[in-house]
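Reviewing the structure listed below.
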Amino acid sequence: MTEFATKLVESLQPISDQFKSLNIPEPVTHWGHPFFMGIVIVAMGSFVAISGWRSRTTTDPEVATKNKADHRKVAPLMTVFLATGYTGGLLSLVMQGKPLLESPHFITGSIVLTLLAINGAISLTGFGGNQPLLRNAHAYLGSAIVMLLVAHAFLGIKLGLSI
């Protein structure tokens, strides 16, 4: 384990010990993270992607406005839940005594959060004054993130079955 991973485990260990003292059943510790993150990815991820694309592709201005508003409301919440779940996944591994920062699942999760931050920054700039290039970059990057989340989920299932 790298020095950074060791320090991270040391910092998460007190929180892990608190949760362990609750006598949470092992299946919940093992599969809780993937279960809840699966819900976030399927429910919120698909909603965010569909509402974002509907706001771009519909010819009905009323439908576009509603979908744009829905996308703006749910996308930041999804990002917060994914970031929280990322932390929960690390904590789950510490609770199970498994290595951190080594799996492809960890790498894809880190990439997802980085790309979400970039995509959020694009949006927060007002797409650089409503530039079509940045609007397109936001849409296609968001779609790539959703595809990466699907791969991330499969890697997580593989990881869960291996530990």
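By convention here, the chains of the structure tokens are called A, B, ... in the order presented, each chain's residues are numbered starting at 1, and ligands are numbered starting at 1 in the order presented.
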
DSSP says alpha helix (DSSP H) for which residues of chain A? Put them as a PyMOL selection string?
chain A and resi 3-20+26-39+46-57+61-95+104-124+126-130+132-162

Hey, could you make a per-residue contact list for segment 98-159 of chain A against segment 14-36 of chain A with 9 Å as the cut-off, showing the nearest pair of atoms and its distance in Å to one decimal, counting only C-alpha atoms, sorted by chain and number, as a tab-separated table?
```
residue	atom	partner	partner_atom	distance
A:Ala153	CA	A:Pro34	CA	7.7
A:Gly156	CA	A:Pro34	CA	7.0
A:Ile157	CA	A:Pro34	CA	7.5
```

So that I can see what lies close to Thr87 of chain A, please list as a PyMOL selection string the residues with an atom at most 10 Å from it, counting only C-alpha atoms and leaving out residues fewer than 5 positions away in the same chain.
chain A and resi 12+33+81-82+92

Separation of atom CA of His138 of chain A from atom CA of Asn119 of chain A in Å:
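Result for atom CA of Asn119 of chain A versus atom CA of His138 of chain A: 5.7 Å, one decimal.
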
Using only C-alpha atoms, find the one residue out of A:Thr84, A:Thr6, A:Ser46, A:Gln131 that sits nearest to Met147 of chain A.
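Counting only C-alpha atoms, the residue closest to Met147 of chain A is A:Ser46.
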
Restricting to only C-alpha atoms, whichever of A:Ser103, A:Ser123, A:Thr108, A:Gln96 is closest to Lys68 of chain A is A:Ser123

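Comparing the minimum interatomic distances between Leu134 of chain A and each of A:Ile50, A:Val146, A:Ala121, A:Thr114, counting only C-alpha atoms, we find that A:Ala121 sits nearest.
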